[in-house]
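Below is start_36.cif, holding mmCIF, N, CA and C atoms.
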```cif
data_entry
loop_
_atom_site.label_atom_id
_atom_site.label_comp_id
_atom_site.auth_asym_id
_atom_site.auth_seq_id
_atom_site.Cartn_x
_atom_site.Cartn_y
_atom_site.Cartn_z
N GLU A 11 -14.93 14.21 0.69
CA GLU A 11 -14.73 14.52 -0.70
C GLU A 11 -15.19 13.35 -1.58
N VAL A 12 -14.79 12.13 -1.19
CA VAL A 12 -15.18 10.95 -1.96
C VAL A 12 -16.69 10.75 -1.89
N ALA A 13 -17.25 10.89 -0.70
CA ALA A 13 -18.69 10.69 -0.53
C ALA A 13 -19.49 11.66 -1.40
N ALA A 14 -19.06 12.90 -1.46
CA ALA A 14 -19.75 13.89 -2.28
C ALA A 14 -19.64 13.52 -3.76
N ALA A 15 -18.47 13.02 -4.17
CA ALA A 15 -18.28 12.62 -5.57
C ALA A 15 -19.19 11.46 -5.93
N VAL A 16 -19.34 10.51 -5.02
CA VAL A 16 -20.19 9.34 -5.27
C VAL A 16 -21.66 9.77 -5.34
N GLU A 17 -22.06 10.66 -4.44
CA GLU A 17 -23.44 11.16 -4.47
C GLU A 17 -23.73 11.88 -5.77
N ALA A 18 -22.75 12.63 -6.25
CA ALA A 18 -22.94 13.39 -7.48
C ALA A 18 -23.02 12.48 -8.71
N ASN A 19 -22.40 11.32 -8.63
CA ASN A 19 -22.37 10.40 -9.77
C ASN A 19 -22.32 8.96 -9.26
N PRO A 20 -23.43 8.27 -9.25
CA PRO A 20 -23.48 6.90 -8.72
C PRO A 20 -22.58 5.91 -9.45
N ASP A 21 -22.14 6.23 -10.69
CA ASP A 21 -21.24 5.34 -11.41
C ASP A 21 -19.90 5.18 -10.67
N ARG A 22 -19.60 6.12 -9.82
CA ARG A 22 -18.35 6.09 -9.05
C ARG A 22 -18.44 5.17 -7.83
N ALA A 23 -19.65 4.74 -7.51
CA ALA A 23 -19.86 3.98 -6.28
C ALA A 23 -19.07 2.68 -6.24
N GLU A 24 -18.98 1.98 -7.34
CA GLU A 24 -18.27 0.70 -7.35
C GLU A 24 -16.79 0.89 -7.04
N LEU A 25 -16.17 1.86 -7.68
CA LEU A 25 -14.76 2.13 -7.41
C LEU A 25 -14.57 2.59 -5.96
N ALA A 26 -15.45 3.45 -5.49
CA ALA A 26 -15.36 3.93 -4.11
C ALA A 26 -15.46 2.78 -3.12
N GLU A 27 -16.35 1.84 -3.38
CA GLU A 27 -16.52 0.70 -2.48
C GLU A 27 -15.28 -0.19 -2.49
N LYS A 28 -14.72 -0.44 -3.67
CA LYS A 28 -13.50 -1.25 -3.76
C LYS A 28 -12.35 -0.59 -3.01
N LEU A 29 -12.22 0.71 -3.18
CA LEU A 29 -11.15 1.45 -2.50
C LEU A 29 -11.36 1.43 -0.98
N ARG A 30 -12.59 1.63 -0.54
CA ARG A 30 -12.89 1.61 0.89
C ARG A 30 -12.55 0.25 1.49
N LYS A 31 -12.95 -0.81 0.80
CA LYS A 31 -12.69 -2.16 1.28
C LYS A 31 -11.19 -2.44 1.36
N LEU A 32 -10.46 -2.03 0.35
CA LEU A 32 -9.01 -2.23 0.34
C LEU A 32 -8.35 -1.53 1.52
N VAL A 33 -8.72 -0.28 1.76
CA VAL A 33 -8.12 0.48 2.85
C VAL A 33 -8.58 -0.06 4.21
N ASP A 34 -9.80 -0.56 4.30
CA ASP A 34 -10.26 -1.20 5.54
C ASP A 34 -9.43 -2.44 5.85
N GLU A 35 -9.12 -3.22 4.81
CA GLU A 35 -8.34 -4.45 5.00
C GLU A 35 -6.86 -4.17 5.22
N HIS A 36 -6.38 -3.05 4.69
CA HIS A 36 -4.96 -2.69 4.78
C HIS A 36 -4.86 -1.22 5.21
N PRO A 37 -5.19 -0.92 6.47
CA PRO A 37 -5.24 0.49 6.89
C PRO A 37 -3.91 1.23 6.77
N TYR A 38 -2.81 0.50 6.77
CA TYR A 38 -1.50 1.13 6.63
C TYR A 38 -1.30 1.78 5.26
N LEU A 39 -2.19 1.49 4.30
CA LEU A 39 -2.10 2.13 2.99
C LEU A 39 -2.63 3.56 3.01
N GLU A 40 -3.37 3.89 4.04
CA GLU A 40 -3.90 5.25 4.17
C GLU A 40 -2.75 6.14 4.64
N PRO A 41 -2.44 7.20 3.89
CA PRO A 41 -1.33 8.07 4.30
C PRO A 41 -1.48 8.55 5.74
N GLY A 42 -0.39 8.47 6.46
CA GLY A 42 -0.37 8.91 7.85
C GLY A 42 -0.80 7.86 8.86
N LYS A 43 -1.17 6.66 8.41
CA LYS A 43 -1.66 5.62 9.32
C LYS A 43 -0.61 4.57 9.64
N ALA A 44 0.59 4.70 9.09
CA ALA A 44 1.62 3.68 9.28
C ALA A 44 2.84 4.29 9.96
N MET A 45 3.66 3.42 10.55
CA MET A 45 4.90 3.88 11.18
C MET A 45 5.84 4.45 10.13
N GLN A 46 5.85 3.84 8.97
CA GLN A 46 6.66 4.28 7.83
C GLN A 46 5.71 4.37 6.62
N PRO A 47 5.91 5.34 5.75
CA PRO A 47 5.04 5.41 4.57
C PRO A 47 5.19 4.14 3.72
N HIS A 48 4.08 3.62 3.30
CA HIS A 48 4.09 2.43 2.45
C HIS A 48 4.17 2.89 1.00
N PRO A 49 5.00 2.23 0.17
CA PRO A 49 5.15 2.67 -1.21
C PRO A 49 3.86 2.62 -2.03
N LEU A 50 2.89 1.82 -1.64
CA LEU A 50 1.63 1.75 -2.39
C LEU A 50 0.64 2.84 -1.98
N SER A 51 0.94 3.56 -0.91
CA SER A 51 0.04 4.62 -0.44
C SER A 51 -0.19 5.69 -1.49
N CYS A 52 0.85 5.99 -2.26
CA CYS A 52 0.69 7.04 -3.27
C CYS A 52 -0.37 6.65 -4.30
N TRP A 53 -0.49 5.35 -4.60
CA TRP A 53 -1.49 4.90 -5.57
C TRP A 53 -2.90 4.98 -4.98
N VAL A 54 -3.00 4.81 -3.68
CA VAL A 54 -4.30 4.98 -3.02
C VAL A 54 -4.74 6.44 -3.14
N VAL A 55 -3.80 7.35 -2.90
CA VAL A 55 -4.10 8.78 -3.02
C VAL A 55 -4.50 9.13 -4.46
N LEU A 56 -3.73 8.62 -5.43
CA LEU A 56 -4.06 8.90 -6.83
C LEU A 56 -5.41 8.32 -7.22
N CYS A 57 -5.72 7.13 -6.74
CA CYS A 57 -7.01 6.51 -7.02
C CYS A 57 -8.15 7.37 -6.46
N ARG A 58 -7.97 7.84 -5.24
CA ARG A 58 -8.99 8.68 -4.63
C ARG A 58 -9.16 9.98 -5.43
N GLU A 59 -8.05 10.57 -5.86
CA GLU A 59 -8.12 11.79 -6.65
C GLU A 59 -8.84 11.55 -7.98
N SER A 60 -8.55 10.41 -8.61
CA SER A 60 -9.22 10.07 -9.87
C SER A 60 -10.71 9.88 -9.65
N LEU A 61 -11.06 9.24 -8.55
CA LEU A 61 -12.47 9.02 -8.22
C LEU A 61 -13.20 10.36 -8.08
N VAL A 62 -12.62 11.26 -7.33
CA VAL A 62 -13.24 12.57 -7.11
C VAL A 62 -13.36 13.34 -8.42
N ALA A 63 -12.35 13.20 -9.29
CA ALA A 63 -12.35 13.93 -10.57
C ALA A 63 -13.21 13.24 -11.64
N GLY A 64 -13.74 12.06 -11.32
CA GLY A 64 -14.59 11.36 -12.28
C GLY A 64 -13.82 10.56 -13.31
N ARG A 65 -12.55 10.34 -13.08
CA ARG A 65 -11.73 9.54 -14.00
C ARG A 65 -11.74 8.08 -13.51
N ILE A 66 -12.87 7.43 -13.74
CA ILE A 66 -13.11 6.09 -13.17
C ILE A 66 -12.15 5.05 -13.75
N GLU A 67 -11.92 5.08 -15.06
CA GLU A 67 -11.02 4.09 -15.66
C GLU A 67 -9.61 4.24 -15.10
N GLN A 68 -9.16 5.47 -14.98
CA GLN A 68 -7.83 5.72 -14.41
C GLN A 68 -7.80 5.28 -12.94
N GLY A 69 -8.85 5.56 -12.21
CA GLY A 69 -8.93 5.13 -10.81
C GLY A 69 -8.89 3.62 -10.68
N ASN A 70 -9.59 2.92 -11.57
CA ASN A 70 -9.55 1.46 -11.55
C ASN A 70 -8.15 0.93 -11.86
N ASP A 71 -7.45 1.57 -12.79
CA ASP A 71 -6.08 1.17 -13.10
C ASP A 71 -5.17 1.37 -11.88
N GLN A 72 -5.33 2.48 -11.19
CA GLN A 72 -4.52 2.75 -10.01
C GLN A 72 -4.84 1.76 -8.89
N LEU A 73 -6.10 1.45 -8.73
CA LEU A 73 -6.50 0.46 -7.73
C LEU A 73 -5.90 -0.90 -8.06
N GLU A 74 -5.91 -1.25 -9.33
CA GLU A 74 -5.31 -2.52 -9.76
C GLU A 74 -3.81 -2.56 -9.44
N ARG A 75 -3.12 -1.45 -9.61
CA ARG A 75 -1.70 -1.39 -9.26
C ARG A 75 -1.51 -1.70 -7.77
N VAL A 76 -2.36 -1.13 -6.94
CA VAL A 76 -2.26 -1.39 -5.50
C VAL A 76 -2.50 -2.87 -5.22
N GLN A 77 -3.53 -3.45 -5.83
CA GLN A 77 -3.85 -4.86 -5.58
C GLN A 77 -2.73 -5.78 -6.05
N VAL A 78 -2.16 -5.51 -7.21
CA VAL A 78 -1.04 -6.31 -7.72
C VAL A 78 0.16 -6.16 -6.78
N GLY A 79 0.44 -4.94 -6.36
CA GLY A 79 1.55 -4.70 -5.44
C GLY A 79 1.37 -5.42 -4.12
N LEU A 80 0.16 -5.42 -3.60
CA LEU A 80 -0.12 -6.13 -2.35
C LEU A 80 0.09 -7.63 -2.50
N ARG A 81 -0.42 -8.18 -3.59
CA ARG A 81 -0.22 -9.62 -3.80
C ARG A 81 1.27 -9.95 -3.88
N ALA A 82 2.02 -9.13 -4.59
CA ALA A 82 3.46 -9.37 -4.72
C ALA A 82 4.16 -9.24 -3.37
N GLU A 83 3.69 -8.34 -2.53
CA GLU A 83 4.31 -8.13 -1.23
C GLU A 83 3.92 -9.22 -0.23
N LEU A 84 2.68 -9.65 -0.27
CA LEU A 84 2.21 -10.60 0.74
C LEU A 84 2.82 -12.00 0.56
N ARG A 85 3.19 -12.35 -0.66
CA ARG A 85 3.81 -13.67 -0.88
C ARG A 85 5.09 -13.85 -0.08
N PRO A 86 6.09 -12.96 -0.22
CA PRO A 86 7.32 -13.17 0.55
C PRO A 86 7.11 -13.03 2.06
N VAL A 87 6.15 -12.21 2.45
CA VAL A 87 5.85 -12.08 3.88
C VAL A 87 5.31 -13.41 4.42
N ALA A 88 4.40 -14.03 3.67
CA ALA A 88 3.85 -15.33 4.09
C ALA A 88 4.94 -16.40 4.10
N GLU A 89 5.82 -16.38 3.11
CA GLU A 89 6.91 -17.35 3.08
C GLU A 89 7.84 -17.18 4.27
N ALA A 90 8.18 -15.94 4.60
CA ALA A 90 9.03 -15.68 5.77
C ALA A 90 8.35 -16.17 7.04
N PHE A 91 7.07 -15.89 7.16
CA PHE A 91 6.32 -16.32 8.34
C PHE A 91 6.37 -17.84 8.48
N ARG A 92 6.13 -18.54 7.37
CA ARG A 92 6.12 -20.01 7.41
C ARG A 92 7.49 -20.58 7.80
N ARG A 93 8.55 -19.91 7.43
CA ARG A 93 9.89 -20.39 7.82
C ARG A 93 10.07 -20.41 9.33
N PHE A 94 9.46 -19.45 10.00
CA PHE A 94 9.61 -19.38 11.46
C PHE A 94 8.51 -20.14 12.19
N ASP A 95 7.43 -20.46 11.52
CA ASP A 95 6.34 -21.24 12.11
C ASP A 95 6.71 -22.72 12.01
N VAL A 96 7.67 -23.11 12.82
CA VAL A 96 8.27 -24.45 12.74
C VAL A 96 7.24 -25.55 12.94
N ASP A 97 6.30 -25.35 13.86
CA ASP A 97 5.32 -26.40 14.14
C ASP A 97 4.12 -26.37 13.20
N GLY A 98 4.08 -25.39 12.28
CA GLY A 98 3.00 -25.32 11.30
C GLY A 98 1.64 -24.98 11.88
N SER A 99 1.62 -24.33 13.03
CA SER A 99 0.36 -24.03 13.70
C SER A 99 -0.38 -22.83 13.11
N GLY A 100 0.31 -22.05 12.28
CA GLY A 100 -0.31 -20.84 11.75
C GLY A 100 -0.13 -19.65 12.66
N GLN A 101 0.55 -19.87 13.77
CA GLN A 101 0.88 -18.79 14.71
C GLN A 101 2.30 -19.00 15.21
N LEU A 102 2.99 -17.90 15.46
CA LEU A 102 4.31 -18.00 16.04
C LEU A 102 4.17 -17.98 17.55
N ASP A 103 4.63 -19.06 18.19
CA ASP A 103 4.62 -19.08 19.65
C ASP A 103 5.80 -18.24 20.14
N ALA A 104 5.99 -18.19 21.44
CA ALA A 104 7.02 -17.31 22.02
C ALA A 104 8.41 -17.60 21.46
N GLN A 105 8.80 -18.88 21.36
CA GLN A 105 10.14 -19.21 20.88
C GLN A 105 10.29 -18.93 19.37
N GLU A 106 9.29 -19.29 18.60
CA GLU A 106 9.34 -19.02 17.16
C GLU A 106 9.41 -17.51 16.91
N PHE A 107 8.63 -16.77 17.68
CA PHE A 107 8.61 -15.33 17.56
C PHE A 107 9.97 -14.74 17.94
N LYS A 108 10.55 -15.24 19.01
CA LYS A 108 11.86 -14.78 19.45
C LYS A 108 12.91 -15.04 18.36
N ASN A 109 12.85 -16.21 17.74
CA ASN A 109 13.79 -16.53 16.66
C ASN A 109 13.63 -15.59 15.47
N MET A 110 12.39 -15.30 15.11
CA MET A 110 12.15 -14.40 13.99
C MET A 110 12.66 -13.00 14.31
N CYS A 111 12.38 -12.51 15.49
CA CYS A 111 12.83 -11.16 15.88
C CYS A 111 14.36 -11.08 15.87
N ALA A 112 15.01 -12.12 16.36
CA ALA A 112 16.47 -12.14 16.36
C ALA A 112 17.00 -12.11 14.93
N TYR A 113 16.40 -12.88 14.05
CA TYR A 113 16.82 -12.92 12.65
C TYR A 113 16.67 -11.56 11.98
N LEU A 114 15.55 -10.90 12.25
CA LEU A 114 15.25 -9.62 11.62
C LEU A 114 15.96 -8.45 12.31
N GLY A 115 16.60 -8.72 13.44
CA GLY A 115 17.30 -7.66 14.15
C GLY A 115 16.37 -6.71 14.87
N TRP A 116 15.20 -7.22 15.26
CA TRP A 116 14.22 -6.38 15.94
C TRP A 116 14.43 -6.43 17.44
N GLY A 117 14.12 -5.31 18.06
CA GLY A 117 14.16 -5.24 19.51
C GLY A 117 12.78 -5.42 20.10
N ASP A 118 12.68 -5.14 21.38
CA ASP A 118 11.42 -5.31 22.11
C ASP A 118 10.32 -4.37 21.58
N GLU A 119 10.73 -3.19 21.10
CA GLU A 119 9.73 -2.22 20.63
C GLU A 119 8.95 -2.77 19.44
N GLU A 120 9.67 -3.26 18.43
CA GLU A 120 9.00 -3.83 17.26
C GLU A 120 8.21 -5.08 17.63
N ALA A 121 8.82 -5.90 18.48
CA ALA A 121 8.16 -7.15 18.88
C ALA A 121 6.83 -6.87 19.56
N ALA A 122 6.80 -5.88 20.43
CA ALA A 122 5.57 -5.55 21.15
C ALA A 122 4.46 -5.07 20.21
N LEU A 123 4.84 -4.43 19.14
CA LEU A 123 3.85 -3.91 18.20
C LEU A 123 3.21 -5.00 17.34
N MET A 124 3.87 -6.13 17.23
CA MET A 124 3.38 -7.15 16.31
C MET A 124 2.23 -7.97 16.86
N ASP A 125 2.20 -8.23 18.14
CA ASP A 125 1.12 -9.05 18.73
C ASP A 125 -0.09 -8.15 18.95
N ILE A 126 -0.83 -7.92 17.89
CA ILE A 126 -1.92 -6.95 17.90
C ILE A 126 -3.02 -7.31 18.90
N ASP A 127 -3.40 -8.58 18.96
CA ASP A 127 -4.50 -8.96 19.85
C ASP A 127 -4.03 -9.31 21.26
N GLY A 128 -2.71 -9.27 21.51
CA GLY A 128 -2.19 -9.47 22.85
C GLY A 128 -2.31 -10.87 23.40
N ASP A 129 -2.42 -11.87 22.51
CA ASP A 129 -2.57 -13.24 23.00
C ASP A 129 -1.24 -13.97 23.21
N GLY A 130 -0.12 -13.25 23.02
CA GLY A 130 1.18 -13.87 23.22
C GLY A 130 1.68 -14.64 22.01
N LYS A 131 0.91 -14.63 20.94
CA LYS A 131 1.30 -15.30 19.69
C LYS A 131 1.12 -14.31 18.55
N VAL A 132 1.78 -14.60 17.45
CA VAL A 132 1.66 -13.74 16.28
C VAL A 132 1.13 -14.58 15.13
N SER A 133 0.00 -14.15 14.58
CA SER A 133 -0.61 -14.83 13.44
C SER A 133 -0.08 -14.22 12.14
N LEU A 134 -0.30 -14.90 11.03
CA LEU A 134 0.10 -14.37 9.74
C LEU A 134 -0.56 -13.02 9.46
N PRO A 135 -1.87 -12.85 9.69
CA PRO A 135 -2.46 -11.52 9.44
C PRO A 135 -1.83 -10.42 10.31
N GLU A 136 -1.48 -10.75 11.56
CA GLU A 136 -0.81 -9.76 12.40
C GLU A 136 0.55 -9.39 11.82
N PHE A 137 1.28 -10.40 11.38
CA PHE A 137 2.60 -10.17 10.80
C PHE A 137 2.48 -9.35 9.52
N GLN A 138 1.52 -9.68 8.67
CA GLN A 138 1.33 -8.93 7.43
C GLN A 138 0.97 -7.48 7.72
N ALA A 139 0.10 -7.26 8.70
CA ALA A 139 -0.28 -5.89 9.06
C ALA A 139 0.92 -5.12 9.60
N PHE A 140 1.75 -5.79 10.39
CA PHE A 140 2.93 -5.14 10.93
C PHE A 140 3.89 -4.75 9.81
N VAL A 141 4.15 -5.67 8.90
CA VAL A 141 5.07 -5.39 7.78
C VAL A 141 4.53 -4.23 6.95
N GLY A 142 3.24 -4.23 6.69
CA GLY A 142 2.63 -3.12 5.94
C GLY A 142 2.79 -1.80 6.66
N ALA A 143 2.54 -1.78 7.96
CA ALA A 143 2.65 -0.56 8.75
C ALA A 143 4.10 -0.10 8.87
N PHE A 144 5.02 -1.03 8.71
CA PHE A 144 6.44 -0.73 8.79
C PHE A 144 6.95 -0.15 7.48
N GLY A 145 6.09 -0.06 6.47
CA GLY A 145 6.47 0.50 5.19
C GLY A 145 6.62 -0.52 4.09
N GLY A 146 6.24 -1.76 4.36
CA GLY A 146 6.30 -2.80 3.34
C GLY A 146 7.53 -3.67 3.47
N VAL A 147 7.54 -4.70 2.68
CA VAL A 147 8.58 -5.71 2.78
C VAL A 147 9.97 -5.14 2.45
N GLN A 148 10.06 -4.24 1.50
CA GLN A 148 11.37 -3.66 1.18
C GLN A 148 11.93 -2.87 2.36
N GLN A 149 11.09 -2.07 2.99
CA GLN A 149 11.53 -1.30 4.17
C GLN A 149 11.94 -2.24 5.30
N LEU A 150 11.17 -3.29 5.48
CA LEU A 150 11.45 -4.25 6.53
C LEU A 150 12.85 -4.84 6.39
N PHE A 151 13.17 -5.31 5.19
CA PHE A 151 14.46 -5.94 4.99
C PHE A 151 15.59 -4.92 4.91
N GLU A 152 15.28 -3.70 4.51
CA GLU A 152 16.29 -2.64 4.55
C GLU A 152 16.68 -2.34 6.00
N LYS A 153 15.68 -2.28 6.87
CA LYS A 153 15.96 -2.07 8.31
C LYS A 153 16.80 -3.22 8.85
N ARG A 154 16.50 -4.43 8.41
CA ARG A 154 17.27 -5.60 8.86
C ARG A 154 18.71 -5.45 8.43
N ARG A 155 18.95 -5.06 7.17
CA ARG A 155 20.32 -4.89 6.69
C ARG A 155 21.06 -3.84 7.49
N GLN A 156 20.39 -2.78 7.87
CA GLN A 156 21.00 -1.71 8.65
C GLN A 156 21.37 -2.17 10.05
N ARG A 157 20.57 -3.04 10.62
CA ARG A 157 20.79 -3.47 12.02
C ARG A 157 21.74 -4.62 12.16
N VAL A 158 21.84 -5.45 11.13
CA VAL A 158 22.65 -6.67 11.24
C VAL A 158 24.08 -6.40 10.83
#
```

If you convert what's in this file into structure tokens, what do you get?
Amino acid sequence: EVAAAVEANPDRAELAEKLRKLVDEHPYLEPGKAMQPHPLSCWVVLCRESLVAGRIEQGNDQLERVQVGLRAELRPVAEAFRRFDVDGSGQLDAQEFKNMCAYLGWGDEEAALMDIDGDGKVSLPEFQAFVGAFGGVQQLFEKRRQRV
């Protein structure tokens, strides 16, 4: 649908490219691609609908909302990660990871999902992707409150 809209009107190409790049970098924003729906996913859907309908200014506004929301969400996620990255290596080793999981009230299931590349460590991008797929930072801490 988006591709046809862009072909019909090349002015839409810039917005379509920005949206594609955003979803490529944060696939959990695509509806149905996350363990829990992410609150910013609805803005991705609205942006796509605006793009198809030719409402480029509205689509850009919706895209901006997603970008602002992501920046606001990634800050506390990075801060939380740094608190557990005691040695400052940029990755959580087994003990740091274990401490973080215990704090968040996560079991083995969540822990296994976080080490995306399987190297036994968790990087900040892996942690950010996990939090996004879990439904965002608010969902993450709500689950923690429920478990603790």

* as a list in words, list the residues of chain A assigned to strand (DSSP E or B) by DSSP on the backbone atoms of this structure. => Gln101, Leu102, Val132 and Ser133 of chain A

Go ahead and write the selection's residues with N, CA and C atoms as a PDB file, in the frame of the given file.
```pdb
ATOM      1  N   GLN A 101       0.550 -19.870  13.770  1.00  0.00           N
ATOM      2  CA  GLN A 101       0.880 -18.790  14.710  1.00  0.00           C
ATOM      3  C   GLN A 101       2.300 -19.000  15.210  1.00  0.00           C
ATOM      4  N   LEU A 102       2.990 -17.900  15.460  1.00  0.00           N
ATOM      5  CA  LEU A 102       4.310 -18.000  16.040  1.00  0.00           C
ATOM      6  C   LEU A 102       4.170 -17.980  17.550  1.00  0.00           C
ATOM      7  N   VAL A 132       1.780 -14.600  17.450  1.00  0.00           N
ATOM      8  CA  VAL A 132       1.660 -13.740  16.280  1.00  0.00           C
ATOM      9  C   VAL A 132       1.130 -14.580  15.130  1.00  0.00           C
ATOM     10  N   SER A 133       0.000 -14.150  14.580  1.00  0.00           N
ATOM     11  CA  SER A 133      -0.610 -14.830  13.440  1.00  0.00           C
ATOM     12  C   SER A 133      -0.080 -14.220  12.140  1.00  0.00           C
TER      13      SER A 133
END
```

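Using only C-alpha atoms, the nearest neighbour of Leu61 of chain A within the list A:Ala44, A:Leu84, A:Ala143, A:Ala23 is A:Ala23.
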
* as a ChimeraX atom specification, list the residues of segment 44-83 of chain A assigned to alpha helix (DSSP H) by DSSP on the backbone atoms of this structure. => /A:51-63,66-83

Can I get the selection written as a tab-separated table (two decimals), in the frame of the given file, with N, CA and C atoms?
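Final file, part39.tsv:
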```tsv
chain	number	residue	atom	x	y	z
A	51	SER	N	0.94	3.56	-0.91
A	51	SER	CA	0.04	4.62	-0.44
A	51	SER	C	-0.19	5.69	-1.49
A	52	CYS	N	0.85	5.99	-2.26
A	52	CYS	CA	0.69	7.04	-3.27
A	52	CYS	C	-0.37	6.65	-4.30
A	53	TRP	N	-0.49	5.35	-4.60
A	53	TRP	CA	-1.49	4.90	-5.57
A	53	TRP	C	-2.90	4.98	-4.98
A	54	VAL	N	-3.00	4.81	-3.68
A	54	VAL	CA	-4.30	4.98	-3.02
A	54	VAL	C	-4.74	6.44	-3.14
A	55	VAL	N	-3.80	7.35	-2.90
A	55	VAL	CA	-4.10	8.78	-3.02
A	55	VAL	C	-4.50	9.13	-4.46
A	56	LEU	N	-3.73	8.62	-5.43
A	56	LEU	CA	-4.06	8.90	-6.83
A	56	LEU	C	-5.41	8.32	-7.22
A	57	CYS	N	-5.72	7.13	-6.74
A	57	CYS	CA	-7.01	6.51	-7.02
A	57	CYS	C	-8.15	7.37	-6.46
A	58	ARG	N	-7.97	7.84	-5.24
A	58	ARG	CA	-8.99	8.68	-4.63
A	58	ARG	C	-9.16	9.98	-5.43
A	59	GLU	N	-8.05	10.57	-5.86
A	59	GLU	CA	-8.12	11.79	-6.65
A	59	GLU	C	-8.84	11.55	-7.98
A	60	SER	N	-8.55	10.41	-8.61
A	60	SER	CA	-9.22	10.07	-9.87
A	60	SER	C	-10.71	9.88	-9.65
A	61	LEU	N	-11.06	9.24	-8.55
A	61	LEU	CA	-12.47	9.02	-8.22
A	61	LEU	C	-13.20	10.36	-8.08
A	62	VAL	N	-12.62	11.26	-7.33
A	62	VAL	CA	-13.24	12.57	-7.11
A	62	VAL	C	-13.36	13.34	-8.42
A	63	ALA	N	-12.35	13.20	-9.29
A	63	ALA	CA	-12.35	13.93	-10.57
A	63	ALA	C	-13.21	13.24	-11.64
A	66	ILE	N	-12.87	7.43	-13.74
A	66	ILE	CA	-13.11	6.09	-13.17
A	66	ILE	C	-12.15	5.05	-13.75
A	67	GLU	N	-11.92	5.08	-15.06
A	67	GLU	CA	-11.02	4.09	-15.66
A	67	GLU	C	-9.61	4.24	-15.10
A	68	GLN	N	-9.16	5.47	-14.98
A	68	GLN	CA	-7.83	5.72	-14.41
A	68	GLN	C	-7.80	5.28	-12.94
A	69	GLY	N	-8.85	5.56	-12.21
A	69	GLY	CA	-8.93	5.13	-10.81
A	69	GLY	C	-8.89	3.62	-10.68
A	70	ASN	N	-9.59	2.92	-11.57
A	70	ASN	CA	-9.55	1.46	-11.55
A	70	ASN	C	-8.15	0.93	-11.86
A	71	ASP	N	-7.45	1.57	-12.79
A	71	ASP	CA	-6.08	1.17	-13.10
A	71	ASP	C	-5.17	1.37	-11.88
A	72	GLN	N	-5.33	2.48	-11.19
A	72	GLN	CA	-4.52	2.75	-10.01
A	72	GLN	C	-4.84	1.76	-8.89
A	73	LEU	N	-6.10	1.45	-8.73
A	73	LEU	CA	-6.50	0.46	-7.73
A	73	LEU	C	-5.90	-0.90	-8.06
A	74	GLU	N	-5.91	-1.25	-9.33
A	74	GLU	CA	-5.31	-2.52	-9.76
A	74	GLU	C	-3.81	-2.56	-9.44
A	75	ARG	N	-3.12	-1.45	-9.61
A	75	ARG	CA	-1.70	-1.39	-9.26
A	75	ARG	C	-1.51	-1.70	-7.77
A	76	VAL	N	-2.36	-1.13	-6.94
A	76	VAL	CA	-2.26	-1.39	-5.50
A	76	VAL	C	-2.50	-2.87	-5.22
A	77	GLN	N	-3.53	-3.45	-5.83
A	77	GLN	CA	-3.85	-4.86	-5.58
A	77	GLN	C	-2.73	-5.78	-6.05
A	78	VAL	N	-2.16	-5.51	-7.21
A	78	VAL	CA	-1.04	-6.31	-7.72
A	78	VAL	C	0.16	-6.16	-6.78
A	79	GLY	N	0.44	-4.94	-6.36
A	79	GLY	CA	1.55	-4.70	-5.44
A	79	GLY	C	1.37	-5.42	-4.12
A	80	LEU	N	0.16	-5.42	-3.60
A	80	LEU	CA	-0.12	-6.13	-2.35
A	80	LEU	C	0.09	-7.63	-2.50
A	81	ARG	N	-0.42	-8.18	-3.59
A	81	ARG	CA	-0.22	-9.62	-3.80
A	81	ARG	C	1.27	-9.95	-3.88
A	82	ALA	N	2.02	-9.13	-4.59
A	82	ALA	CA	3.46	-9.37	-4.72
A	82	ALA	C	4.16	-9.24	-3.37
A	83	GLU	N	3.69	-8.34	-2.53
A	83	GLU	CA	4.31	-8.13	-1.23
A	83	GLU	C	3.92	-9.22	-0.23
```

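Counting only C-alpha atoms and comparing A:Asp34, A:Gln105, A:Gly98, A:Val76, the residue that lies closest to Leu50 of chain A is A:Val76.
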
* Run the PyMOL selection byres (((chain A and resi 83 and name CA) around 12) and name CA) against the file shown and list the residues it catches, as a PyMOL selection string. => chain A and resi 48-50+76-82+84-90+138-139+141-142+145-150

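The shell of residues at most 8 Å from Leu134 of chain A, with only C-alpha atoms counted and near chain neighbours (fewer than 6 positions) removed, consists of Ala88, Phe91, Gly100 and Gln101 of chain A.
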
* Residue contacts of Lys31 of chain A (12 Å, only C-alpha atoms) excluding same-chain residues fewer than 5 positions away, as a VMD selection string -> chain A and resid 24 to 26 36 to 37 39 to 40 54 73 77

* Give me the residues within 6.5 Å of Cys57 of chain A as JSON, numbers by chain, counting all atoms listed in the file and dropping any in the same chain fewer than 6 places off. => {"A": [68, 69, 70, 72, 73]}

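Put simply, atom C of Glu152 of chain A is 16.2 Å away from atom CA of Glu119 of chain A.
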
* Asked: For Asp103 of chain A, which residue out of A:Gly117, A:Pro41, A:Lys131, A:Met124 is the nearest one, using only C-alpha atoms?
  -> A:Lys131

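As for atom N of Val96 of chain A and atom CA of Leu123 of chain A, they are spaced 20.3 Å apart.
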
* Asked: What separation in Å, quoted to one decimal, exists between atom CA of Ser51 of chain A and atom CA of Gly128 of chain A?
  -> 27.3 Å

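Of the listed residues (A:Met110, A:Gly115, A:Gly42, A:Ala104), A:Ala104 comes nearest to Asp129 of chain A; the distances count only C-alpha atoms.
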